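*Asks:* The structure follows.
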Amino acid sequence: MKAPSRSPRPKLAPTTPDSAASFGPAVHNTWQLKGEQGDPRVSLVRKARQPRPLTLADAAPQPVEIDLARTALIVVDMQNDFCHPEGWFAQKGLGTKAARKPIPVLQTLLPAWRQAGGALVWLNWGIRADRANLSPTIQFKGKRTADGVGYAEASPIDHGPSLVQGSWGAQVIDELTVAPGDLTVHKHRLSGFWDNELDSVLRNQGITTLLFAGINTDRCVFSTLQDGAFLGYDCVLLQDACSTPSPAYVSKGVLYIVQLLHGFVASAASLMRALPSSPSRSRSSSSPPQES
């Protein structure tokens with residue numbers, strides 16, 4: 001029996017390379033899936049990052065050069081419950097003068113830092129509503145008395161549960177803008193590195209140097225900076241972009257310990273003077289930007 005004839009195969013169009021698909025958390029840290037149709041390959045080759053050196057001339061114990069391409073500015077706890085006059089702390093009678101001190105500095109620094117292409121991370125308290133991972137120590141220190149207002153509880157002027165992730169109190173204050181390209185990491189300890197994702201976020205972004213701003217100098221800022229140094233990050237505390245209501249000798253002690261053991265102390269003013277006016281200017285320059 002004769003087999004039925006088959007219609008000729010249609011001619012296929014010439015193959016063209018597939019458009020590359022990227023898999024990774026940052027432009028410089030991605031795999032690429034690319035190649036001819038039917039013959040894809042995965043490239044593990046990362047794009048090289050061009051160093052972008054800046055000098056912080058006023059840093060102590062000596063001037064320090066940082067790489068803008070591998071540096072993140074960490075802004076700690078500039079949130080309603082700490083900084084707003086109707087926030088959790090203000091309603092406890094703790095006041096907001098010290099908490100609000102970094103605001104004008106950050107209002108100037110953050111746009112310039114973004115314009116220069118620097119990475120910005122908001123490190124904020126954002127706890128579970130059920131407080132299931134807050135130890136007795138943390139819960140007691142947040143409440144102190146039987147009739148006090150603790151973590152995840154509502155203050156008399158009710159803006160929702162204090163410092164619960166997604167609540168009004170956990171949001172960054174209106175005076176500071178969170179831009180679409182910024183990163184936000186929520187924490188539930190004084191240190192942003194403890195029991196948290198901050199380390200993996202930074203490492204996947206290729207960050208090796210951390211600049212610290214926000215509140216409080218002797219509490220969440222210092223705890224996070226110290227843990228960052230223990231993990232191998234280069235750490236610089238921007239003292240004029242930080243504040244605390246603690247006595248002055250406490251801040252002096254923190255600055256002393258940072259300079260002695262954990263990194264460097266510099267100023268936002270010095271950083272501003274060192275920043276390039278735009279990312280393109282920095283990349284096209286053959287020499288490090290000079291302070292004006």
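Order determines the names: the first chain of the structure tokens is A, the second B, and so forth; residues in each chain are numbered 1 upward, and ligands are numbered 1 upward as they are shown.
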Need the shell around A:Gln50: protein/DNA/RNA residues with any atom at most 10 Å away, counting only C-alpha atoms. Skip same-chain ones fewer than 3 positions apart. Format as a ChimeraX atom specification?
*Replies:* /A:47,53,67-70,283
*Asks:* Any chance you can output those residues with all heavy atoms as a short mmCIF file (atom, residue, chain, number, x, y, z; two decimals), in the first residue's frame?
*Replies:*
```cif
data_model
loop_
_atom_site.label_atom_id
_atom_site.label_comp_id
_atom_site.auth_asym_id
_atom_site.auth_seq_id
_atom_site.Cartn_x
_atom_site.Cartn_y
_atom_site.Cartn_z
N LYS A 47 28.80 42.36 34.49
CA LYS A 47 29.36 43.58 33.94
C LYS A 47 30.31 44.21 34.95
O LYS A 47 30.01 44.29 36.14
CB LYS A 47 28.26 44.58 33.59
CG LYS A 47 27.37 44.15 32.44
CD LYS A 47 26.35 45.23 32.10
CE LYS A 47 25.48 44.81 30.92
NZ LYS A 47 24.48 45.86 30.57
N PRO A 53 35.59 57.24 42.53
CA PRO A 53 36.15 57.66 43.82
C PRO A 53 35.73 59.06 44.25
O PRO A 53 35.64 59.98 43.45
CB PRO A 53 37.67 57.58 43.59
CG PRO A 53 37.83 57.74 42.12
CD PRO A 53 36.61 57.12 41.48
N ASP A 67 34.27 54.64 47.18
CA ASP A 67 33.85 54.37 45.79
C ASP A 67 32.34 54.55 45.73
O ASP A 67 31.58 53.73 46.26
CB ASP A 67 34.26 52.96 45.39
CG ASP A 67 33.92 52.64 43.94
OD1 ASP A 67 33.32 53.49 43.24
OD2 ASP A 67 34.25 51.52 43.49
N LEU A 68 31.89 55.61 45.07
CA LEU A 68 30.46 55.88 44.96
C LEU A 68 29.71 54.71 44.34
O LEU A 68 28.56 54.44 44.68
CB LEU A 68 30.24 57.16 44.14
CG LEU A 68 28.80 57.60 43.88
CD1 LEU A 68 28.08 57.89 45.19
CD2 LEU A 68 28.79 58.84 42.99
N ALA A 69 30.36 53.98 43.44
CA ALA A 69 29.71 52.86 42.76
C ALA A 69 29.43 51.70 43.69
O ALA A 69 28.60 50.84 43.38
CB ALA A 69 30.58 52.39 41.59
N ARG A 70 30.11 51.65 44.83
CA ARG A 70 29.94 50.53 45.76
C ARG A 70 29.53 51.01 47.16
O ARG A 70 29.75 50.32 48.14
CB ARG A 70 31.23 49.71 45.85
CG ARG A 70 31.58 49.02 44.53
CD ARG A 70 32.82 48.16 44.67
NE ARG A 70 33.09 47.43 43.45
CZ ARG A 70 32.56 46.25 43.12
NH1 ARG A 70 31.69 45.68 43.97
NH2 ARG A 70 32.85 45.65 42.00
N ARG A 283 31.46 59.67 35.50
CA ARG A 283 31.95 58.56 34.69
C ARG A 283 32.92 59.02 33.61
O ARG A 283 33.79 58.29 33.19
CB ARG A 283 30.76 57.83 34.06
CG ARG A 283 29.88 57.13 35.09
CD ARG A 283 28.83 56.26 34.42
NE ARG A 283 27.96 55.68 35.40
CZ ARG A 283 26.73 56.08 35.62
NH1 ARG A 283 26.22 57.07 34.92
NH2 ARG A 283 25.98 55.51 36.54
#
```
*Asks:* Choose the residue, out of A:Gly169, A:Gly150, A:Gly38, A:Pro102, that has the smallest atom-to-atom separation from A:Ala213; count only C-alpha atoms.
*Replies:* A:Pro102
*Asks:* Find, counting only C-alpha atoms, the residue in A:Val221, A:Leu54, A:Ala59, A:Cys235 that gets nearest to A:Gly192.
*Replies:*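 Between A:Val221, A:Leu54, A:Ala59, A:Cys235, the residue approaching A:Gly192 most closely is A:Val221.
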*Asks:* Using only C-alpha atoms, find the one residue out of A:Gln205, A:Ser223, A:Ser267, A:Asn216 that sits nearest to A:Leu238.
*Replies:*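 Closest residue, counting only C-alpha atoms: A:Ser267.
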*Asks:* Quick one: residues within 7 Å of stretch 106-118 of chain A, only C-alpha atoms counted, chain neighbours fewer than 3 positions away excluded, as an MDAnalysis selection string?
*Replies:* chainID A and resid 68:69 71:72 102:103 176 241 268 272 275:279
*Asks:* Give me the residues near stretch 131-137 of chain A as a PyMOL selection string, where near means some atom within 8 Å (using only C-alpha atoms) and where sequence neighbours in that chain fewer than 2 positions away do not count.
*Replies:* chain A and resi 127-129+139-141+151-152+188
*Asks:* Save the residues we just selected, C-alpha atoms, as a tab-separated table (two decimals), in the first residue's frame?
*Replies:*
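Below you can see selection-v3.tsv, which holds the result:
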```tsv
chain	number	residue	atom	x	y	z
A	127	ILE	CA	7.48	45.10	63.26
A	128	ARG	CA	4.96	42.27	63.12
A	129	ALA	CA	1.51	43.25	64.39
A	139	GLN	CA	8.65	44.64	74.68
A	140	PHE	CA	9.38	45.85	78.22
A	141	LYS	CA	11.76	48.61	77.08
A	151	TYR	CA	5.07	48.24	70.35
A	152	ALA	CA	2.06	47.55	68.10
A	188	HIS	CA	12.70	44.77	64.38
```
*Asks:* Go through stretch 3-241 of chain A and collect every residue that DSSP, computed from the backbone, puts in strand (DSSP E or B); the answer should be as a VMD selection string.
*Replies:* chain A and resid 18 to 26 29 to 36 39 to 43 53 to 56 60 64 to 67 71 to 76 79 119 to 125 127 164 172 183 to 187 209 to 215 234 to 241
*Asks:* Which value, in Å to one decimal, gives the distance between atom CA of A:Val236 and atom CA of A:Pro63?
*Replies:* 11.1 Å
*Asks:* In Å, how far is it from atom CA of A:Lys92 to atom CA of A:Gly253?
*Replies:*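 Computed distance, atom CA of A:Lys92 to atom CA of A:Gly253, equals 26.7 Å.
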*Asks:* Nearest residue to A:Ser22 out of A:Leu163, A:Ala274, A:Leu44, A:Leu260, using only C-alpha atoms?
*Replies:*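 Nearest candidate to A:Ser22 out of A:Leu163, A:Ala274, A:Leu44, A:Leu260: A:Leu44.
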*Asks:* Could you give me, as an mmCIF file with N, CA, C and O atoms, in the first residue's frame, each residue of stretch 201-280 of chain A that DSSP assigns to helix (DSSP H, G or I) when run on this structure's backbone?
*Replies:*
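And here is the file that came out, selection-v8.cif:
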```
data_model
loop_
_atom_site.group_PDB
_atom_site.id
_atom_site.type_symbol
_atom_site.label_atom_id
_atom_site.label_comp_id
_atom_site.auth_asym_id
_atom_site.auth_seq_id
_atom_site.Cartn_x
_atom_site.Cartn_y
_atom_site.Cartn_z
ATOM 1 N N VAL A 201 20.578 42.056 50.964
ATOM 2 C CA VAL A 201 20.203 43.116 50.019
ATOM 3 C C VAL A 201 21.439 43.896 49.588
ATOM 4 O O VAL A 201 21.663 44.135 48.394
ATOM 5 N N LEU A 202 22.268 44.289 50.541
ATOM 6 C CA LEU A 202 23.456 45.074 50.226
ATOM 7 C C LEU A 202 24.453 44.276 49.395
ATOM 8 O O LEU A 202 25.011 44.780 48.410
ATOM 9 N N ARG A 203 24.694 43.032 49.781
ATOM 10 C CA ARG A 203 25.688 42.229 49.056
ATOM 11 C C ARG A 203 25.232 41.957 47.620
ATOM 12 O O ARG A 203 26.056 41.949 46.694
ATOM 13 N N ASN A 204 23.952 41.740 47.413
ATOM 14 C CA ASN A 204 23.463 41.507 46.054
ATOM 15 C C ASN A 204 23.493 42.771 45.205
ATOM 16 O O ASN A 204 23.443 42.699 43.975
ATOM 17 N N THR A 217 21.833 58.399 67.109
ATOM 18 C CA THR A 217 23.258 58.162 66.933
ATOM 19 C C THR A 217 23.761 57.016 67.788
ATOM 20 O O THR A 217 24.544 56.169 67.325
ATOM 21 N N ASP A 218 23.335 56.980 69.047
ATOM 22 C CA ASP A 218 23.855 56.018 70.016
ATOM 23 C C ASP A 218 23.041 54.740 70.106
ATOM 24 O O ASP A 218 23.371 53.856 70.905
ATOM 25 N N ARG A 219 22.002 54.628 69.296
ATOM 26 C CA ARG A 219 21.119 53.461 69.402
ATOM 27 C C ARG A 219 21.095 52.705 68.077
ATOM 28 O O ARG A 219 22.000 51.921 67.780
ATOM 29 N N CYS A 220 20.083 52.946 67.247
ATOM 30 C CA CYS A 220 19.957 52.158 66.017
ATOM 31 C C CYS A 220 21.066 52.456 65.010
ATOM 32 O O CYS A 220 21.520 51.556 64.302
ATOM 33 N N VAL A 221 21.500 53.726 64.937
ATOM 34 C CA VAL A 221 22.602 54.048 64.018
ATOM 35 C C VAL A 221 23.866 53.311 64.439
ATOM 36 O O VAL A 221 24.502 52.615 63.631
ATOM 37 N N PHE A 222 24.244 53.448 65.701
ATOM 38 C CA PHE A 222 25.486 52.826 66.167
ATOM 39 C C PHE A 222 25.398 51.300 66.146
ATOM 40 O O PHE A 222 26.355 50.621 65.742
ATOM 41 N N SER A 223 24.268 50.742 66.566
ATOM 42 C CA SER A 223 24.130 49.282 66.574
ATOM 43 C C SER A 223 24.280 48.709 65.167
ATOM 44 O O SER A 223 24.957 47.687 64.963
ATOM 45 N N THR A 224 23.659 49.365 64.186
ATOM 46 C CA THR A 224 23.741 48.883 62.811
ATOM 47 C C THR A 224 25.143 49.072 62.249
ATOM 48 O O THR A 224 25.677 48.182 61.569
ATOM 49 N N LEU A 225 25.751 50.231 62.525
ATOM 50 C CA LEU A 225 27.121 50.473 62.049
ATOM 51 C C LEU A 225 28.090 49.445 62.638
ATOM 52 O O LEU A 225 28.937 48.892 61.920
ATOM 53 N N GLN A 226 27.975 49.182 63.916
ATOM 54 C CA GLN A 226 28.876 48.229 64.565
ATOM 55 C C GLN A 226 28.729 46.838 63.962
ATOM 56 O O GLN A 226 29.727 46.181 63.632
ATOM 57 N N ASP A 227 27.492 46.385 63.763
ATOM 58 C CA ASP A 227 27.292 45.078 63.141
ATOM 59 C C ASP A 227 27.779 45.065 61.699
ATOM 60 O O ASP A 227 28.307 44.055 61.218
ATOM 61 N N GLY A 228 27.595 46.195 60.982
ATOM 62 C CA GLY A 228 28.111 46.274 59.625
ATOM 63 C C GLY A 228 29.614 46.106 59.589
ATOM 64 O O GLY A 228 30.166 45.403 58.722
ATOM 65 N N ALA A 229 30.316 46.749 60.528
ATOM 66 C CA ALA A 229 31.768 46.605 60.606
ATOM 67 C C ALA A 229 32.154 45.164 60.921
ATOM 68 O O ALA A 229 33.106 44.620 60.347
ATOM 69 N N PHE A 230 31.402 44.522 61.825
ATOM 70 C CA PHE A 230 31.683 43.121 62.148
ATOM 71 C C PHE A 230 31.523 42.220 60.924
ATOM 72 O O PHE A 230 32.207 41.213 60.779
ATOM 73 N N ALA A 248 25.269 64.781 75.607
ATOM 74 C CA ALA A 248 26.329 64.974 74.619
ATOM 75 C C ALA A 248 27.482 64.001 74.804
ATOM 76 O O ALA A 248 28.103 63.566 73.822
ATOM 77 N N TYR A 249 27.781 63.634 76.060
ATOM 78 C CA TYR A 249 28.908 62.741 76.287
ATOM 79 C C TYR A 249 28.670 61.361 75.669
ATOM 80 O O TYR A 249 29.632 60.654 75.326
ATOM 81 N N VAL A 250 27.399 60.975 75.506
ATOM 82 C CA VAL A 250 27.097 59.677 74.892
ATOM 83 C C VAL A 250 27.500 59.698 73.417
ATOM 84 O O VAL A 250 28.157 58.772 72.921
ATOM 85 N N SER A 251 27.115 60.762 72.715
ATOM 86 C CA SER A 251 27.494 60.885 71.307
ATOM 87 C C SER A 251 29.010 60.954 71.155
ATOM 88 O O SER A 251 29.580 60.353 70.231
ATOM 89 N N LYS A 252 29.677 61.676 72.050
ATOM 90 C CA LYS A 252 31.135 61.752 71.993
ATOM 91 C C LYS A 252 31.758 60.369 72.139
ATOM 92 O O LYS A 252 32.735 60.031 71.461
ATOM 93 N N GLY A 253 31.183 59.573 73.015
ATOM 94 C CA GLY A 253 31.680 58.211 73.195
ATOM 95 C C GLY A 253 31.484 57.358 71.945
ATOM 96 O O GLY A 253 32.371 56.594 71.556
ATOM 97 N N VAL A 254 30.318 57.512 71.304
ATOM 98 C CA VAL A 254 30.060 56.766 70.072
ATOM 99 C C VAL A 254 31.042 57.175 68.979
ATOM 100 O O VAL A 254 31.626 56.321 68.293
ATOM 101 N N LEU A 255 31.242 58.480 68.797
ATOM 102 C CA LEU A 255 32.175 58.951 67.769
ATOM 103 C C LEU A 255 33.582 58.445 68.050
ATOM 104 O O LEU A 255 34.315 58.065 67.123
ATOM 105 N N TYR A 256 33.963 58.427 69.301
ATOM 106 C CA TYR A 256 35.286 57.920 69.681
ATOM 107 C C TYR A 256 35.430 56.441 69.319
ATOM 108 O O TYR A 256 36.434 56.030 68.711
ATOM 109 N N ILE A 257 34.420 55.635 69.646
ATOM 110 C CA ILE A 257 34.487 54.201 69.381
ATOM 111 C C ILE A 257 34.479 53.918 67.880
ATOM 112 O O ILE A 257 35.196 53.032 67.390
ATOM 113 N N VAL A 258 33.660 54.670 67.130
ATOM 114 C CA VAL A 258 33.630 54.471 65.677
ATOM 115 C C VAL A 258 35.000 54.743 65.072
ATOM 116 O O VAL A 258 35.528 53.950 64.286
ATOM 117 N N GLN A 259 35.612 55.874 65.448
ATOM 118 C CA GLN A 259 36.930 56.209 64.913
ATOM 119 C C GLN A 259 37.996 55.210 65.349
ATOM 120 O O GLN A 259 38.893 54.867 64.580
ATOM 121 N N LEU A 260 37.899 54.750 66.571
ATOM 122 C CA LEU A 260 38.921 53.867 67.118
ATOM 123 C C LEU A 260 38.836 52.456 66.549
ATOM 124 O O LEU A 260 39.872 51.835 66.233
ATOM 125 N N LEU A 261 37.604 51.936 66.385
ATOM 126 C CA LEU A 261 37.441 50.513 66.108
ATOM 127 C C LEU A 261 36.677 50.163 64.838
ATOM 128 O O LEU A 261 36.971 49.140 64.204
ATOM 129 N N HIS A 262 35.673 50.958 64.474
ATOM 130 C CA HIS A 262 34.710 50.486 63.478
ATOM 131 C C HIS A 262 34.776 51.163 62.119
ATOM 132 O O HIS A 262 34.140 50.692 61.178
ATOM 133 N N ALA A 268 28.127 65.208 56.385
ATOM 134 C CA ALA A 268 27.330 65.331 55.165
ATOM 135 C C ALA A 268 27.799 66.521 54.346
ATOM 136 O O ALA A 268 27.761 66.493 53.107
ATOM 137 N N ALA A 269 28.269 67.579 55.017
ATOM 138 C CA ALA A 269 28.760 68.760 54.311
ATOM 139 C C ALA A 269 29.952 68.417 53.433
ATOM 140 O O ALA A 269 30.043 68.842 52.271
ATOM 141 N N SER A 270 30.877 67.625 53.966
ATOM 142 C CA SER A 270 32.041 67.203 53.178
ATOM 143 C C SER A 270 31.625 66.300 52.025
ATOM 144 O O SER A 270 32.137 66.418 50.907
ATOM 145 N N LEU A 271 30.682 65.402 52.283
ATOM 146 C CA LEU A 271 30.185 64.528 51.223
ATOM 147 C C LEU A 271 29.535 65.342 50.115
ATOM 148 O O LEU A 271 29.750 65.075 48.923
ATOM 149 N N MET A 272 28.751 66.339 50.467
ATOM 150 C CA MET A 272 28.106 67.193 49.470
ATOM 151 C C MET A 272 29.142 67.876 48.577
ATOM 152 O O MET A 272 28.984 67.963 47.361
ATOM 153 N N ARG A 273 30.207 68.383 49.178
ATOM 154 C CA ARG A 273 31.241 69.061 48.398
ATOM 155 C C ARG A 273 31.959 68.104 47.450
ATOM 156 O O ARG A 273 32.432 68.508 46.386
ATOM 157 N N ALA A 274 32.029 66.828 47.825
ATOM 158 C CA ALA A 274 32.761 65.853 47.014
ATOM 159 C C ALA A 274 31.918 65.260 45.893
ATOM 160 O O ALA A 274 32.467 64.715 44.928
ATOM 161 N N PRO A 279 25.793 61.854 37.355
ATOM 162 C CA PRO A 279 26.490 60.596 37.130
ATOM 163 C C PRO A 279 27.382 60.637 35.893
ATOM 164 O O PRO A 279 28.470 60.092 35.881
ATOM 165 N N SER A 280 26.922 61.277 34.807
ATOM 166 C CA SER A 280 27.686 61.279 33.569
ATOM 167 C C SER A 280 29.003 62.028 33.733
ATOM 168 O O SER A 280 30.026 61.641 33.191
#
```
*Asks:* Mind giving me the straight-line distance from atom CA of A:Asp240 to atom CA of A:Val105 in Å, one decimal?
*Replies:*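 Taking atom CA of A:Asp240 and atom CA of A:Val105, their separation equals 7.5 Å.
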*Asks:* So, with only C-alpha atoms as the atoms that count, which of A:Ile157, A:Leu33, A:Leu56, A:Ala21 lies closest to A:Gly87?
*Replies:*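 Smallest separation from A:Gly87 among the options: A:Ile157.
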*Asks:* Taking only C-alpha atoms into account, name the residue in A:Ala90, A:Ala20, A:Val121, A:Ile138 that is nearest to A:Val178.
*Replies:*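 Smallest separation from A:Val178 among the options: A:Val121.
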*Asks:* Could you pull the residues within 8 Å of A:Tyr233, counting only C-alpha atoms, minus those fewer than 5 positions along the same chain, as a list in words?
*Replies:*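 Listed by chain and then number, they are Thr208, Thr209, Leu210 and Gly228 of chain A.
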